[in-house]
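To be precise, the following lines are my_file_7.cif, and they hold mmCIF, C-alpha atoms.
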```cif
data_work
#
loop_
_atom_site.group_PDB
_atom_site.id
_atom_site.type_symbol
_atom_site.label_atom_id
_atom_site.label_comp_id
_atom_site.auth_asym_id
_atom_site.auth_seq_id
_atom_site.Cartn_x
_atom_site.Cartn_y
_atom_site.Cartn_z
ATOM 1 C CA MET A 29 32.750 9.336 10.591
ATOM 2 C CA ARG A 30 33.050 6.940 13.470
ATOM 3 C CA LYS A 31 29.746 8.132 14.967
ATOM 4 C CA ILE A 32 27.983 7.554 11.638
ATOM 5 C CA ALA A 33 29.372 4.028 11.366
ATOM 6 C CA ILE A 34 28.267 3.186 14.906
ATOM 7 C CA PHE A 35 24.843 4.719 14.278
ATOM 8 C CA LEU A 36 24.335 2.736 11.052
ATOM 9 C CA THR A 37 25.465 -0.496 12.689
ATOM 10 C CA LEU A 38 23.050 -0.027 15.583
ATOM 11 C CA LEU A 39 20.291 0.877 13.147
ATOM 12 C CA VAL A 40 20.802 -2.289 11.084
ATOM 13 C CA VAL A 41 20.979 -4.509 14.167
ATOM 14 C CA SER A 42 17.876 -2.981 15.749
ATOM 15 C CA MET A 43 15.887 -3.239 12.507
ATOM 16 C CA SER A 44 16.538 -6.963 12.255
ATOM 17 C CA PHE A 45 14.720 -7.520 15.574
ATOM 18 C CA ALA A 46 11.886 -5.052 14.986
ATOM 19 C CA PHE A 47 9.593 -7.170 12.832
ATOM 20 C CA GLY A 48 6.790 -9.144 14.443
ATOM 21 C CA GLN A 49 5.864 -11.266 11.452
ATOM 22 C CA THR A 50 8.330 -13.916 10.400
ATOM 23 C CA ALA A 51 8.244 -16.588 7.731
ATOM 24 C CA THR A 52 7.870 -19.249 10.425
ATOM 25 C CA ASP A 53 4.431 -17.881 11.387
ATOM 26 C CA SER A 54 2.910 -19.200 8.175
ATOM 27 C CA ILE A 55 1.706 -22.782 7.898
ATOM 28 C CA SER A 56 2.980 -25.015 5.125
ATOM 29 C CA MET A 57 1.514 -28.257 3.834
ATOM 30 C CA LYS A 58 3.459 -31.241 2.566
ATOM 31 C CA LYS A 59 1.748 -33.960 0.568
ATOM 32 C CA VAL A 60 2.176 -37.437 2.027
ATOM 33 C CA PHE A 61 0.512 -40.749 1.266
ATOM 34 C CA GLY A 62 -3.180 -40.359 2.034
ATOM 35 C CA GLY A 63 -3.215 -36.637 2.768
ATOM 36 C CA TYR A 64 -1.114 -33.762 4.053
ATOM 37 C CA ARG A 65 1.178 -32.932 6.937
ATOM 38 C CA PHE A 66 1.119 -29.432 8.346
ATOM 39 C CA TYR A 67 4.192 -27.524 9.481
ATOM 40 C CA GLN A 68 4.760 -24.168 11.106
ATOM 41 C CA GLY A 69 8.406 -23.441 10.521
ATOM 42 C CA GLU A 70 10.152 -26.757 11.175
ATOM 43 C CA GLN A 71 7.576 -27.990 13.707
ATOM 44 C CA MET A 72 4.993 -30.518 12.558
ATOM 45 C CA LEU A 73 1.479 -29.706 13.793
ATOM 46 C CA ASN A 74 -1.127 -32.263 14.773
ATOM 47 C CA MET A 75 -4.816 -31.492 14.270
ATOM 48 C CA ASN A 76 -5.356 -29.861 17.684
ATOM 49 C CA GLN A 77 -2.268 -27.670 17.313
ATOM 50 C CA LEU A 78 -3.395 -26.678 13.829
ATOM 51 C CA VAL A 79 -6.836 -25.664 15.107
ATOM 52 C CA ASN A 80 -5.342 -23.683 18.014
ATOM 53 C CA THR A 81 -2.905 -21.921 15.690
ATOM 54 C CA MET A 82 -5.754 -20.715 13.474
ATOM 55 C CA LYS A 83 -7.904 -19.300 16.303
ATOM 56 C CA PRO A 84 -6.895 -15.656 15.662
ATOM 57 C CA ASN A 85 -8.201 -15.828 12.074
ATOM 58 C CA ASP A 86 -11.963 -16.358 12.420
ATOM 59 C CA GLN A 87 -12.619 -17.423 8.824
ATOM 60 C CA ALA A 88 -9.722 -19.903 8.745
ATOM 61 C CA TYR A 89 -10.716 -21.189 12.194
ATOM 62 C CA ARG A 90 -14.274 -21.984 11.064
ATOM 63 C CA GLN A 91 -12.910 -23.749 7.979
ATOM 64 C CA ILE A 92 -10.411 -25.847 9.946
ATOM 65 C CA LYS A 93 -13.097 -26.784 12.516
ATOM 66 C CA SER A 94 -15.218 -28.101 9.630
ATOM 67 C CA ALA A 95 -12.168 -29.952 8.321
ATOM 68 C CA GLN A 96 -11.543 -31.369 11.793
ATOM 69 C CA ALA A 97 -15.070 -32.802 11.897
ATOM 70 C CA SER A 98 -14.489 -34.493 8.526
ATOM 71 C CA PHE A 99 -11.106 -35.782 9.752
ATOM 72 C CA THR A 100 -12.664 -37.318 12.868
ATOM 73 C CA LEU A 101 -15.524 -38.933 10.954
ATOM 74 C CA ALA A 102 -13.171 -40.381 8.323
ATOM 75 C CA ALA A 103 -10.808 -41.717 10.995
ATOM 76 C CA ILE A 104 -13.634 -43.435 12.889
ATOM 77 C CA MET A 105 -15.182 -44.942 9.761
ATOM 78 C CA SER A 106 -11.900 -46.208 8.366
ATOM 79 C CA GLY A 107 -10.821 -47.588 11.752
ATOM 80 C CA VAL A 108 -14.089 -49.466 12.266
ATOM 81 C CA GLY A 109 -14.023 -50.658 8.649
ATOM 82 C CA GLY A 110 -10.452 -51.883 9.031
ATOM 83 C CA PHE A 111 -11.410 -53.803 12.148
ATOM 84 C CA MET A 112 -14.426 -55.319 10.391
ATOM 85 C CA VAL A 113 -12.245 -56.465 7.506
ATOM 86 C CA GLY A 114 -9.383 -57.635 9.712
ATOM 87 C CA TRP A 115 -11.455 -59.767 12.081
ATOM 88 C CA PRO A 116 -12.693 -62.256 9.431
ATOM 89 C CA ILE A 117 -9.256 -62.390 7.843
ATOM 90 C CA GLY A 118 -7.724 -63.206 11.232
ATOM 91 C CA THR A 119 -10.395 -65.816 11.824
ATOM 92 C CA ALA A 120 -9.673 -67.403 8.432
ATOM 93 C CA LEU A 121 -5.928 -67.425 9.089
ATOM 94 C CA GLY A 122 -6.540 -68.983 12.517
ATOM 95 C CA GLY A 123 -8.518 -71.831 10.975
ATOM 96 C CA GLY A 124 -12.010 -70.690 12.018
ATOM 97 C CA GLU A 125 -15.094 -69.951 9.956
ATOM 98 C CA PRO A 126 -14.860 -66.283 8.804
ATOM 99 C CA ASN A 127 -17.883 -64.005 8.449
ATOM 100 C CA TRP A 128 -17.322 -62.510 4.997
ATOM 101 C CA THR A 129 -20.450 -60.353 5.266
ATOM 102 C CA LEU A 130 -18.747 -58.501 8.107
ATOM 103 C CA ALA A 131 -15.679 -58.019 5.900
ATOM 104 C CA GLY A 132 -17.857 -56.698 3.068
ATOM 105 C CA VAL A 133 -19.532 -54.141 5.330
ATOM 106 C CA GLY A 134 -16.102 -53.133 6.629
ATOM 107 C CA ALA A 135 -14.811 -52.683 3.085
ATOM 108 C CA GLY A 136 -17.862 -50.524 2.359
ATOM 109 C CA LEU A 137 -17.054 -48.315 5.365
ATOM 110 C CA ILE A 138 -13.480 -47.940 4.158
ATOM 111 C CA VAL A 139 -14.675 -46.943 0.682
ATOM 112 C CA VAL A 140 -17.122 -44.391 2.144
ATOM 113 C CA SER A 141 -14.378 -42.889 4.327
ATOM 114 C CA ILE A 142 -12.198 -42.073 1.277
ATOM 115 C CA PRO A 143 -14.338 -39.164 -0.053
ATOM 116 C CA ILE A 144 -14.738 -37.859 3.502
ATOM 117 C CA SER A 145 -10.957 -37.887 3.879
ATOM 118 C CA GLN A 146 -10.620 -36.055 0.561
ATOM 119 C CA SER A 147 -13.127 -33.493 1.842
ATOM 120 C CA PHE A 148 -10.917 -32.989 4.892
ATOM 121 C CA ASN A 149 -7.872 -32.457 2.661
ATOM 122 C CA LYS A 150 -9.715 -29.865 0.581
ATOM 123 C CA LYS A 151 -11.106 -27.984 3.600
ATOM 124 C CA ALA A 152 -7.780 -28.036 5.443
ATOM 125 C CA LYS A 153 -5.949 -26.742 2.379
ATOM 126 C CA GLN A 154 -8.449 -23.878 2.079
ATOM 127 C CA ALA A 155 -8.099 -23.089 5.788
ATOM 128 C CA VAL A 156 -4.305 -22.942 5.528
ATOM 129 C CA GLU A 157 -4.544 -20.675 2.485
ATOM 130 C CA LEU A 158 -6.975 -18.377 4.344
ATOM 131 C CA TYR A 159 -4.725 -18.300 7.405
ATOM 132 C CA ASN A 160 -1.585 -17.545 5.413
ATOM 133 C CA ALA A 161 -3.381 -14.867 3.381
ATOM 134 C CA GLY A 162 -4.427 -13.206 6.630
ATOM 135 C CA LEU A 163 -0.854 -12.877 7.815
ATOM 136 C CA GLN A 164 0.553 -9.433 7.170
ATOM 137 C CA THR A 165 4.216 -9.140 6.527
ATOM 138 C CA SER A 166 5.535 -5.758 7.534
ATOM 139 C CA SER A 167 9.143 -6.481 6.798
ATOM 140 C CA PHE A 168 11.013 -5.235 3.801
ATOM 141 C CA TRP A 169 13.583 -7.975 4.582
ATOM 142 C CA ASP A 170 11.434 -10.480 2.694
ATOM 143 C CA LYS A 171 12.371 -8.988 -0.655
ATOM 144 C CA ASN A 172 15.284 -6.725 0.088
ATOM 145 C CA GLU A 173 18.712 -7.473 1.420
ATOM 146 C CA LEU A 174 20.916 -5.070 3.327
ATOM 147 C CA LYS A 175 24.568 -6.019 3.743
ATOM 148 C CA LEU A 176 27.571 -4.421 5.327
ATOM 149 C CA SER A 177 30.224 -4.678 2.583
ATOM 150 C CA LEU A 178 33.944 -4.235 2.430
ATOM 151 C CA THR A 179 35.057 -2.899 -0.955
ATOM 152 C CA GLY A 180 38.197 -1.375 -2.411
ATOM 153 C CA ASN A 181 36.925 2.078 -1.437
ATOM 154 C CA GLY A 182 36.125 1.160 2.201
ATOM 155 C CA ILE A 183 33.215 -0.146 4.238
ATOM 156 C CA GLY A 184 29.655 0.533 3.151
ATOM 157 C CA LEU A 185 26.064 -0.639 3.178
ATOM 158 C CA THR A 186 24.708 -2.429 0.109
ATOM 159 C CA LEU A 187 20.948 -2.620 -0.469
ATOM 160 C CA ASN A 188 19.774 -5.229 -2.968
ATOM 161 C CA PHE A 189 16.123 -5.353 -4.032
#
```

Take the structure from the file and write it as structure tokens.
Amino acid sequence: MRKIAIFLTLLVVSMSFAFGQTATDSISMKKVFGGYRFYQGEQMLNMNQLVNTMKPNDQAYRQIKSAQASFTLAAIMSGVGGFMVGWPIGTALGGGEPNWTLAGVGAGLIVVSIPISQSFNKKAKQAVELYNAGLQTSSFWDKNELKLSLTGNGIGLTLNF
């Protein structure tokens, strides 16, 4: 009886370390103002980390590279547009003669960058879904639960599924 108990205990302990795919391998997205934040487990991923994480999955990698291009273009356009709007406003606040045409062009760049940013969000979401779909979970621990229980009749293993 003692040998069986030791064998079962070692079996349960060894099985808990035998699975290569964990829930932290998948990438999750959280909606924030203006887009999404990407997490792998508890760690927040920036764009370069996200791209590097998806390299093993070719289809997701191509999608996230396309999303990265949209992200870069939107960031440049909105940054330049913000500068072009901010400069005349600063000039006006400083008492100078502002160039409102420059502010109008800047506002136009900001407006154009919004659909590009939305395109990034859509492509990145698809890439994350492709990446997560490509992960194979080989663990029955995801759905089932094995516990060592103490009952009125003695010690035993309880499998819940």

Per-residue nearest contacts range 143-162 of chain A to range 80-90 of chain A, cut-off 6 Å, using all atoms listed in the file, as JSON lines:
```
{"residue": "A:Ala155", "atom": "CA", "partner": "A:Ala88", "partner_atom": "CA", "distance": 4.6}
{"residue": "A:Leu158", "atom": "CA", "partner": "A:Ala88", "partner_atom": "CA", "distance": 5.4}
{"residue": "A:Tyr159", "atom": "CA", "partner": "A:Ala88", "partner_atom": "CA", "distance": 5.4}
```

What lies within 7 Å of range 140-149 of chain A using only C-alpha atoms, ignoring chain neighbours under 2 positions off, as a list of chain:residue names? A:Gly63, A:Ala95, A:Ser98, A:Phe99, A:Ala102, A:Met105, A:Ser106, A:Gly136, A:Leu137, A:Ile138, A:Lys151, A:Ala152, A:Lys153

Show me, as a PyMOL selection string, the residues that have an atom within 7 Å of range 108-120 of chain A when counting all atoms listed in the file, minus same-chain residues fewer than 4 positions from it. chain A and resi 104+124-128+130-131+134-135+137-138

Using CA of Gly69 in chain A and CA of Lys175 in chain A as the two end points, give the distance in Å to one decimal. 24.7 Å

Within 10 Å of Leu187 in chain A using all atoms listed in the file, minus same-chain residues under 5 positions, as a ChimeraX atom specification: /A:172-177

The distance between CA of Val139 in chain A and CA of Gly123 in chain A is 27.6 Å

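As for CA of Val156 in chain A and CA of Ser54 in chain A, they are spaced 8.5 Å apart.
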
Proximity to Asp53 in chain A - best of A:Asn76, A:Thr186, A:Asn160, A:Asn181, all atoms listed in the file: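 When distances to Asp53 in chain A are compared using all atoms listed in the file, the smallest one comes from A:Asn160.
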
As lines of an AutoDock Vina configuration file, please: the centre and edge lengths in Å, to one decimal, of an axis-aligned box enclosing every listed atom of range 182-186 of chain A with 6 Å added on each side.
```
center_x = 30.4
center_y = -0.6
center_z = 2.2
size_x = 23.4
size_y = 15.6
size_z = 16.1
```

Just the residues within 10 Å of Met72 in chain A, please, counting only C-alpha atoms, with nothing from its chain fewer than 6 positions along; format it as a short mmCIF file (atom, residue, chain, number, x, y, z; two decimals) with C-alpha atoms, in the frame of the given file.
```cif
data_model
loop_
_atom_site.label_atom_id
_atom_site.label_comp_id
_atom_site.auth_asym_id
_atom_site.auth_seq_id
_atom_site.Cartn_x
_atom_site.Cartn_y
_atom_site.Cartn_z
CA ILE A 55 1.71 -22.78 7.90
CA SER A 56 2.98 -25.02 5.12
CA MET A 57 1.51 -28.26 3.83
CA ARG A 65 1.18 -32.93 6.94
CA PHE A 66 1.12 -29.43 8.35
CA LEU A 78 -3.40 -26.68 13.83
#
```
